[in-house]
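Peer 1: Sharing final.tsv below, TSV, C-alpha atoms and all ligand atoms:
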```tsv
chain	number	residue	atom	x	y	z
A	843	MET	CA	-4.71	68.49	84.42
A	844	ASN	CA	-4.95	67.74	88.16
A	845	VAL	CA	-3.23	64.46	88.99
A	846	ALA	CA	-3.61	62.50	92.22
A	847	VAL	CA	-0.56	60.36	92.97
A	848	LEU	CA	-1.31	57.23	94.98
A	849	GLY	CA	1.88	56.03	96.72
A	850	GLY	CA	4.29	58.01	98.82
A	851	GLY	CA	7.30	55.84	98.04
A	852	ALA	CA	10.20	56.21	95.62
A	853	MET	CA	8.06	56.41	92.46
A	854	GLY	CA	5.41	58.59	94.09
A	855	HIS	CA	8.06	61.20	94.89
A	856	VAL	CA	9.69	61.13	91.43
A	857	LEU	CA	6.27	61.46	89.79
A	858	ALA	CA	5.07	64.26	92.10
A	859	GLN	CA	8.19	66.31	91.34
A	860	MET	CA	7.78	65.77	87.59
A	861	ILE	CA	4.14	66.89	87.79
A	862	GLU	CA	5.14	70.08	89.61
A	863	GLU	CA	7.69	70.86	86.86
A	864	LYS	CA	5.62	69.94	83.79
A	865	ASP	CA	3.43	72.43	81.94
A	866	GLY	CA	-0.21	71.43	81.81
A	867	PHE	CA	-0.06	69.25	84.96
A	868	ALA	CA	-0.76	70.07	88.59
A	869	LEU	CA	-0.49	67.89	91.69
A	870	ALA	CA	-3.92	67.35	93.24
A	871	GLY	CA	-2.18	65.52	96.08
A	872	MET	CA	0.08	62.64	97.00
A	873	VAL	CA	-1.64	59.93	99.02
A	874	ASP	CA	0.19	57.44	101.25
A	875	PRO	CA	-2.40	54.98	102.60
A	876	LEU	CA	-0.01	53.53	105.20
A	877	LYS	CA	-0.05	57.01	106.81
A	878	GLY	CA	-3.87	56.90	106.94
A	879	GLU	CA	-4.31	59.10	103.87
A	880	SER	CA	-7.02	58.42	101.30
A	881	LEU	CA	-7.89	59.47	97.76
A	882	ALA	CA	-11.28	60.44	99.18
A	883	ASP	CA	-9.56	63.40	100.92
A	884	LEU	CA	-8.82	65.01	97.53
A	885	ASP	CA	-11.05	67.32	95.47
A	886	ASP	CA	-10.86	68.23	91.82
A	887	VAL	CA	-8.94	65.22	90.48
A	888	ASP	CA	-8.80	64.62	86.71
A	889	VAL	CA	-6.80	61.39	86.86
A	890	VAL	CA	-5.36	59.04	89.49
A	891	ILE	CA	-1.91	57.52	88.96
A	892	ASP	CA	-1.19	54.54	91.21
A	893	PHE	CA	2.44	53.68	92.01
A	894	SER	CA	1.88	51.95	95.33
A	895	ASN	CA	0.89	48.44	96.41
A	896	PRO	CA	-1.81	45.94	95.37
A	897	ALA	CA	-3.37	46.39	98.84
A	898	ASN	CA	-4.63	49.79	97.64
A	899	LEU	CA	-6.66	48.46	94.69
A	900	PRO	CA	-10.02	48.65	96.57
A	901	MET	CA	-9.36	52.37	97.26
A	902	VAL	CA	-8.55	53.06	93.60
A	903	MET	CA	-11.64	51.20	92.41
A	904	ALA	CA	-14.01	52.86	94.87
A	905	TYR	CA	-12.68	56.36	94.18
A	906	CYS	CA	-12.58	56.06	90.40
A	907	GLU	CA	-16.02	54.43	90.16
A	908	GLU	CA	-17.69	56.95	92.46
A	909	ASN	CA	-16.07	60.00	90.87
A	910	LYS	CA	-15.96	58.68	87.27
A	911	CYS	CA	-12.25	59.42	87.41
A	912	PRO	CA	-9.76	57.91	84.89
A	913	ALA	CA	-7.02	55.70	86.36
A	914	VAL	CA	-3.43	54.93	85.36
A	915	ILE	CA	-2.28	51.87	87.25
A	916	ALA	CA	1.46	51.26	87.47
A	917	THR	CA	1.67	49.12	90.61
A	918	THR	CA	2.88	45.56	90.05
A	919	GLY	CA	2.38	42.28	91.89
A	920	PHE	CA	-1.40	41.95	91.39
A	921	SER	CA	-3.01	38.48	91.50
A	922	ASP	CA	-4.97	37.22	88.48
A	923	GLU	CA	-8.19	38.04	90.37
A	924	GLU	CA	-7.06	41.62	91.03
A	925	THR	CA	-6.01	42.01	87.38
A	926	ALA	CA	-9.51	40.95	86.34
A	927	LYS	CA	-10.95	43.64	88.66
A	928	ILE	CA	-8.74	46.29	87.00
A	929	GLN	CA	-9.98	45.16	83.59
A	930	ALA	CA	-13.58	45.33	84.86
A	931	LEU	CA	-13.01	48.90	86.11
A	932	GLY	CA	-12.47	49.75	82.45
A	933	ARG	CA	-16.21	49.21	81.92
A	934	GLU	CA	-16.85	52.24	84.18
A	935	VAL	CA	-13.96	54.66	83.46
A	936	PRO	CA	-10.86	54.87	81.23
A	937	VAL	CA	-8.13	52.64	82.75
A	938	VAL	CA	-4.54	52.33	81.55
A	939	PHE	CA	-2.65	49.42	83.12
A	940	SER	CA	0.96	48.49	82.43
A	941	ALA	CA	3.77	46.92	84.42
A	942	ASN	CA	6.16	49.23	82.60
A	943	TYR	CA	5.51	52.74	81.26
A	944	SER	CA	8.84	53.17	79.41
A	945	LEU	CA	8.93	53.42	75.63
A	946	GLY	CA	11.86	50.99	75.37
A	947	ILE	CA	10.15	48.10	77.15
A	948	ASN	CA	6.99	48.50	75.07
A	949	VAL	CA	9.08	48.33	71.90
A	950	MET	CA	10.99	45.34	73.35
A	951	LYS	CA	7.68	43.49	73.87
A	952	ARG	CA	7.01	43.82	70.14
A	953	VAL	CA	10.51	42.61	69.23
A	954	VAL	CA	10.17	39.59	71.54
A	955	ALA	CA	6.73	38.72	70.12
A	956	GLU	CA	8.15	38.86	66.61
A	957	ILE	CA	11.40	36.92	67.03
A	958	THR	CA	10.35	34.20	69.48
A	959	PRO	CA	8.41	32.15	66.89
A	960	ILE	CA	11.50	32.20	64.62
A	961	LEU	CA	13.90	30.97	67.32
A	962	GLU	CA	11.82	28.87	69.69
A	963	ASP	CA	12.35	25.48	68.06
A	964	THR	CA	16.14	25.61	68.26
A	965	PHE	CA	16.98	28.13	71.00
A	966	ASP	CA	16.42	28.03	74.77
A	967	ILE	CA	14.71	31.16	76.13
A	968	GLU	CA	15.39	32.72	79.55
A	969	ILE	CA	14.26	36.03	81.07
A	970	ILE	CA	16.54	37.82	83.53
A	971	GLU	CA	15.45	40.91	85.49
A	972	LYS	CA	17.50	43.03	87.91
A	973	HIS	CA	16.15	45.64	90.33
A	974	HIS	CA	17.06	47.66	93.42
A	975	ASN	CA	17.15	45.95	96.79
A	976	LYS	CA	13.93	47.64	98.03
A	977	LYS	CA	11.63	46.08	95.45
A	978	LEU	CA	8.90	44.04	97.14
A	979	ASP	CA	7.69	41.78	94.32
A	980	ALA	CA	9.60	39.18	92.29
A	981	PRO	CA	9.68	38.43	89.49
A	982	SER	CA	8.97	41.93	88.18
A	983	GLY	CA	5.71	42.77	86.45
A	984	THR	CA	7.74	43.55	83.34
A	985	ALA	CA	9.33	40.08	83.33
A	986	LYS	CA	5.82	38.57	83.42
A	987	MET	CA	4.76	40.89	80.59
A	988	LEU	CA	7.77	39.80	78.49
A	989	LEU	CA	6.88	36.18	79.24
A	990	SER	CA	3.38	36.80	77.83
A	991	ALA	CA	4.91	38.44	74.74
A	992	ALA	CA	7.11	35.38	74.15
A	993	ASN	CA	4.36	32.97	75.05
A	994	PRO	CA	1.03	34.48	73.94
A	995	ASP	CA	-0.81	31.17	73.65
A	996	GLY	CA	0.55	29.68	76.90
A	997	ALA	CA	2.43	26.89	75.12
A	998	TYR	CA	5.43	27.19	77.45
A	999	ASP	CA	5.80	26.19	81.08
A	1000	HIS	CA	7.64	28.81	83.06
A	1001	VAL	CA	10.06	28.28	85.93
A	1002	TYR	CA	10.93	30.97	88.52
A	1003	GLY	CA	14.62	30.51	89.34
A	1004	ARG	CA	15.94	27.09	88.53
A	1005	GLU	CA	16.88	24.03	90.51
A	1006	GLY	CA	18.37	21.17	88.54
A	1007	ASN	CA	18.73	21.13	84.79
A	1008	ARG	CA	16.47	22.32	82.04
A	1009	LYS	CA	13.52	20.11	81.23
A	1010	ARG	CA	13.11	18.95	77.68
A	1011	GLY	CA	10.39	20.68	75.74
A	1012	LYS	CA	8.98	24.18	75.94
A	1013	GLU	CA	10.13	25.97	79.05
A	1014	ILE	CA	11.10	29.56	79.84
A	1015	GLY	CA	13.12	30.32	82.98
A	1016	ILE	CA	12.66	33.65	84.82
A	1017	HIS	CA	15.41	34.93	87.10
A	1018	ALA	CA	15.22	37.86	89.53
A	1019	VAL	CA	18.23	39.74	90.96
A	1020	ARG	CA	17.79	42.33	93.78
A	1021	ALA	CA	20.84	44.51	94.37
A	1022	GLY	CA	21.85	48.11	95.06
A	1023	SER	CA	19.93	50.88	93.34
A	1024	ILE	CA	19.33	49.30	89.90
A	1025	ALA	CA	16.36	51.20	88.39
A	1026	GLY	CA	15.39	48.18	86.25
A	1027	GLU	CA	17.06	45.90	83.74
A	1028	HIS	CA	15.31	43.25	81.64
A	1029	THR	CA	16.94	40.76	79.29
A	1030	VAL	CA	15.37	38.09	77.12
A	1031	LEU	CA	18.11	35.64	76.26
A	1032	TYR	CA	17.89	33.26	73.32
A	1033	ALA	CA	20.61	30.58	73.48
A	1034	GLY	CA	21.22	28.19	70.62
A	1035	ASP	CA	24.16	25.91	69.86
A	1036	ASP	CA	27.21	28.18	69.68
A	1037	GLU	CA	25.17	31.39	69.41
A	1038	LEU	CA	23.53	33.75	71.84
A	1039	LEU	CA	21.08	36.58	71.16
A	1040	GLU	CA	20.13	38.96	73.97
A	1041	ILE	CA	17.44	41.63	73.83
A	1042	LYS	CA	18.05	43.95	76.75
A	1043	HIS	CA	16.52	47.12	78.19
A	1044	THR	CA	18.17	49.17	80.91
A	1045	ALA	CA	16.37	51.94	82.79
A	1046	GLY	CA	18.82	54.77	83.53
A	1047	SER	CA	16.52	56.22	86.20
A	1048	LYS	CA	12.98	56.06	87.56
A	1049	LYS	CA	12.09	59.20	85.57
A	1050	ILE	CA	11.31	57.18	82.43
A	1051	PHE	CA	8.43	55.43	84.23
A	1052	ALA	CA	7.03	58.69	85.61
A	1053	ALA	CA	7.22	60.38	82.19
A	1054	GLY	CA	5.42	57.43	80.57
A	1055	ALA	CA	2.73	57.44	83.27
A	1056	LEU	CA	2.07	61.14	82.55
A	1057	LYS	CA	1.67	60.33	78.84
A	1058	ALA	CA	-0.81	57.65	79.85
A	1059	ALA	CA	-2.63	60.13	82.12
A	1060	ALA	CA	-3.05	62.60	79.24
A	1061	PHE	CA	-4.37	59.73	77.09
A	1062	ALA	CA	-6.77	58.48	79.81
A	1063	ALA	CA	-8.17	61.96	80.45
A	1064	GLU	CA	-9.33	62.15	76.81
A	1065	ALA	CA	-10.30	58.48	76.32
A	1066	LYS	CA	-13.70	56.81	76.46
A	1067	SER	CA	-14.27	54.30	79.27
A	1068	GLY	CA	-12.27	51.18	78.47
A	1069	TYR	CA	-9.29	49.07	79.41
A	1070	TYR	CA	-6.05	50.20	77.75
A	1071	THR	CA	-2.37	49.28	77.90
A	1072	MET	CA	0.70	51.44	77.34
A	1073	GLU	CA	0.84	50.02	73.82
A	1074	ASP	CA	-2.52	51.70	73.13
A	1075	VAL	CA	-1.10	54.97	74.47
A	1076	LEU	CA	2.11	54.78	72.43
A	1077	PHE	CA	1.07	53.04	69.23
A	1078	GLY	CA	-2.71	53.55	69.01
A	1101	LIG	N1	4.61	50.29	85.81
A	1101	LIG	C1	5.80	50.88	85.92
A	1101	LIG	O1	6.34	51.46	84.93
A	1101	LIG	C2	6.50	50.87	87.24
A	1101	LIG	C3	5.92	50.27	88.30
A	1101	LIG	N2	6.49	50.33	89.54
A	1101	LIG	C4	5.73	49.73	90.62
A	1101	LIG	O2	5.18	50.77	91.43
A	1101	LIG	C5	5.04	50.33	92.78
A	1101	LIG	C6	5.72	51.32	93.71
A	1101	LIG	O3	7.12	51.37	93.45
A	1101	LIG	P1	8.10	52.20	94.40
A	1101	LIG	O4	7.59	53.56	94.60
A	1101	LIG	O5	9.47	51.97	93.90
A	1101	LIG	O6	7.91	51.38	95.78
A	1101	LIG	P2	8.05	51.92	97.28
A	1101	LIG	O7	8.15	50.69	98.14
A	1101	LIG	O8	9.09	52.96	97.37
A	1101	LIG	O9	6.64	52.64	97.55
A	1101	LIG	C7	5.44	51.91	97.65
A	1101	LIG	C8	4.33	52.75	98.24
A	1101	LIG	O10	3.25	51.89	98.55
A	1101	LIG	C9	3.02	51.92	99.96
A	1101	LIG	N3	2.76	50.57	100.48
A	1101	LIG	C10	3.65	49.58	100.62
A	1101	LIG	N4	3.08	48.49	101.15
A	1101	LIG	C11	1.80	48.81	101.35
A	1101	LIG	C12	0.68	48.11	101.88
A	1101	LIG	N5	0.76	46.86	102.28
A	1101	LIG	N6	-0.49	48.75	101.94
A	1101	LIG	C13	-0.62	50.02	101.52
A	1101	LIG	N7	0.40	50.73	101.01
A	1101	LIG	C14	1.60	50.13	100.93
A	1101	LIG	C15	4.27	52.48	100.59
A	1101	LIG	O11	3.97	53.09	101.82
A	1101	LIG	P3	5.16	53.58	102.82
A	1101	LIG	O12	5.90	54.67	102.07
A	1101	LIG	O13	4.42	54.11	104.00
A	1101	LIG	O14	5.99	52.36	103.08
A	1101	LIG	C16	4.71	53.46	99.54
A	1101	LIG	O15	3.98	54.66	99.66
A	1101	LIG	C17	5.64	48.92	92.81
A	1101	LIG	O16	4.59	47.98	92.67
A	1101	LIG	C18	6.54	48.88	91.57
A	1101	LIG	O17	6.76	47.60	91.08
A	1101	LIG	C19	7.67	50.97	89.76
A	1101	LIG	C20	8.32	51.58	88.72
A	1101	LIG	C21	7.80	51.56	87.37
A	1102	LIG	O1	9.78	48.30	91.26
A	1102	LIG	C1	10.39	48.86	90.33
A	1102	LIG	O2	11.34	49.64	90.54
A	1102	LIG	C2	9.96	48.58	88.95
A	1102	LIG	N1	8.88	47.85	88.80
A	1102	LIG	C3	8.27	47.50	87.57
A	1102	LIG	C4	8.18	46.00	87.39
A	1102	LIG	O3	7.91	45.28	88.37
A	1102	LIG	O4	8.36	45.52	86.27
A	1102	LIG	C5	8.80	48.26	86.39
A	1102	LIG	C6	10.25	48.66	86.46
A	1102	LIG	O5	11.04	47.59	86.06
A	1102	LIG	C7	10.67	49.19	87.81
```
Turn this file's structure into structure tokens for me.
Ligand SMILES: NC(=O)C1=CN([C@@H]2O[C@H](COP(=O)(O)OP(=O)(O)OC[C@H]3O[C@@H](n4cnc5c(N)ncnc54)[C@H](OP(=O)(O)O)[C@@H]3O)[C@@H](O)[C@H]2O)C=CC1
Ligand SMILES: O=C(O)C1=N[C@H](C(=O)O)C[C@H](O)C1
Peer 2:
Amino acid sequence: MNVAVLGGGAMGHVLAQMIEEKDGFALAGMVDPLKGESLADLDDVDVVIDFSNPANLPMVMAYCEENKCPAVIATTGFSDEETAKIQALGREVPVVFSANYSLGINVMKRVVAEITPILEDTFDIEIIEKHHNKKLDAPSGTAKMLLSAANPDGAYDHVYGREGNRKRGKEIGIHAVRAGSIAGEHTVLYAGDDELLEIKHTAGSKKIFAAGALKAAAFAAEAKSGYYTMEDVLFG
């Protein structure tokens, strides 16, 4: 399968190397738009994987629509309007979109969705994410995804960082740390009176995201047009 990698940054390089080493995959090209490169320069692409920046969404949409090419979108930091455009692209081609392509985080989402209703009346809930000091967006896409898992019906207010004390009622705080070379750490903390439960995922390296994106690419290449998440890829 010929894969075009959009993004010439840290993830683009890890993914490109993994593609070169993995049986059944070939690198159609790595595209860095800030260097004036474009997906349109590439021929014979079976799937586009985007680890870049929301500014490149118009390029992904145009290329995938015109060439009927499946897309795996891993970039984070999209606005609600841009997210709606990604979902709409699924009407034209297969699209997988996730803020986190690791197996562990997708299992953690399920755990959080299951235990939050049990604890929410008596425990305070906070989400803490930690990433390397080069990350552009905060809070992380994964932290927002975990918030949605804990709060599927939007019953909670959420607070980014915190000034002053906790409000009464339903509120989830989200805290972002940027330091060193942390590949990604996400904790959902449930704090009751005299007891603390933490559900935590730690990425040991960026390779877990690249490996997950390749699983999603294999899925997208065989799928019908539609909008899919990594949960569809992993759990059907
Ligand atoms: N879904 C997932 O599992 C994961 C998602 N990510 C997400 O993937 C994305 C890339 O991560 P990472 O590789 O670490 O980031 P980097 O900053 O290392 O790379 C980002 C890439 O996007 C390009 N870029 C940056 N700003 C712009 C802009 N304004 N317009 C066009 N291109 C731009 C950069 O160009 P240049 O090199 O020229 O600066 C670079 O090629 C991020 O959104 C990150 O959150 C990361 C890991 C896992
Ligand atoms: O920028 C990163 O590095 C990561 N970004 C994703 C996010 O914003 O959640 C996923 C992962 O945590 C690494």
Peer 1: May I ask for the distance between CA of Ala1025 in chain A and atom C9 of ligand LIG 1101 (chain A), given in Å to one decimal place?
Peer 2: 17.7 Å
Peer 1: Name the residues, using the chain letters and numbers of the file, that sit within 10 Å of (5.5, 47.9, 82.7) when counting only C-alpha atoms, and give them as JSON, numbers by chain.
Peer 2: {"A": [915, 916, 917, 918, 939, 940, 941, 942, 943, 944, 945, 947, 948, 982, 983, 984, 985, 986, 987, 988, 1051, 1054, 1055, 1071, 1072]}
Peer 1: Would you work out the distance separating CA of Leu931 in chain A from CA of Tyr1069 in chain A, expressed in Å to one decimal?
Peer 2: 7.7 Å
Peer 1: To test the calculation: enclose all listed atoms of ligand LIG 1102 (chain A) in a box whose edges run along x, y and z, add 5 Å on each side, then state centre and edge lengths in Å to one decimal, as JSON.
Peer 2:
```
{"center_x": 9.6, "center_y": 47.5, "center_z": 88.7, "size_x": 13.4, "size_y": 14.4, "size_z": 15.2}
```
Peer 1: Every residue with an atom at most 10 Å from (11.5, 38.6, 70.1) (file coordinates; all atoms listed in the file) is what I'm after, so could you write them as a list in words?
Peer 2: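 Every residue inside that radius is included here: Met950, Lys951, Arg952, Val953, Val954, Ala955, Glu956, Ile957, Thr958, Pro959, Ile960, Leu961, Glu962, Leu988, Ala991, Ala992, Val1030, Leu1031, Tyr1032, Leu1039, Glu1040 and Ile1041 of chain A.
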Peer 1: Figure out the distance between CA of Lys1042 in chain A and CA of His1017 in chain A, please, to one decimal in Å.
Peer 2: 14.0 Å
Peer 1: With all atoms listed in the file as the counted atoms, please give the residues lying no more than 9 Å from Ala882 in chain A, apart from itself and same-chain residues fewer than 3 positions off, as a list in words.
Peer 2: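 Residues near the query, excluding close chain neighbours: Glu879, Asp885, Met901 and Tyr905 of chain A.
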Peer 1: Return the single residue from A:Leu1076, A:Leu1056, A:Leu978, A:Val914 that is closest to Lys864 in chain A, with distances computed using only C-alpha atoms.
Peer 2: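 Of all the options, A:Leu1056 lies closest to Lys864 in chain A.
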Peer 1: Excluding Ala1065 in chain A and any residue of its chain fewer than 4 positions from it, enumerate the residues within 9 Å of it, using only C-alpha atoms, and give them as a count of residues only.
Peer 2: 6
Peer 1: Have a look at A:Asp892, A:Glu1027, A:Asp874, A:Asp922 and name the one nearest to ligand LIG 1102 (chain A); count all atoms listed in the file.
Peer 2: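 Nearest candidate to ligand LIG 1102 (chain A) out of A:Asp892, A:Glu1027, A:Asp874, A:Asp922: A:Glu1027.
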Peer 1: I want to know what sits within 9 Å of Val1075 in chain A, based on all atoms listed in the file, with residues of the same chain fewer than 6 positions away left out; could you give that as JSON, numbers by chain?
Peer 2: {"A": [938, 1057, 1058, 1061, 1062]}
Peer 1: Considering only C-alpha atoms, can you say which of A:Cys906, A:Ser921, A:His1000, A:Glu968 comes closest to Arg933 in chain A?
Peer 2: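 Selected residue with least distance to Arg933 in chain A: A:Cys906.
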Peer 1: May I have the residues within 10 Å of Gly871 in chain A as a list in words, using all atoms listed in the file and disregarding those fewer than 4 positions away in the same chain?
Peer 2: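 The contact residues come out as Asn844, Val845, Ala846, Val847, Leu848, Ala858, Leu881, Asp883, Leu884, Asp885, Val887 and Val890 of chain A.
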Peer 1: A:Pro981, A:Ile1014, A:Ala913, A:Leu1038: which is nearest Ala997 in chain A, counting all atoms listed in the file?
Peer 2: A:Ile1014
Peer 1: Have a look at A:Asn909, A:Asn898, A:Thr1044, A:Asn975 and name the one nearest to Ile928 in chain A; count all atoms listed in the file.
Peer 2: A:Asn898
Peer 1: From the options A:Ala930, A:Ala1059, A:Val856, A:Met843, which residue's atoms come nearest to ligand LIG 1102 (chain A), counting only C-alpha atoms and all ligand atoms?
Peer 2: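 Answer, going by the shortest atom-to-atom distance: A:Val856.
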Peer 1: I'd like the neighbourhood of Gly1034 in chain A as a list in words, where a residue qualifies if any of its atoms comes within 7 Å (using all atoms listed in the file), though same-chain residues fewer than 6 positions away should be ignored.
Peer 2: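 After dropping sequence-adjacent residues, the list is Thr964, Phe965 and Asp966 of chain A.
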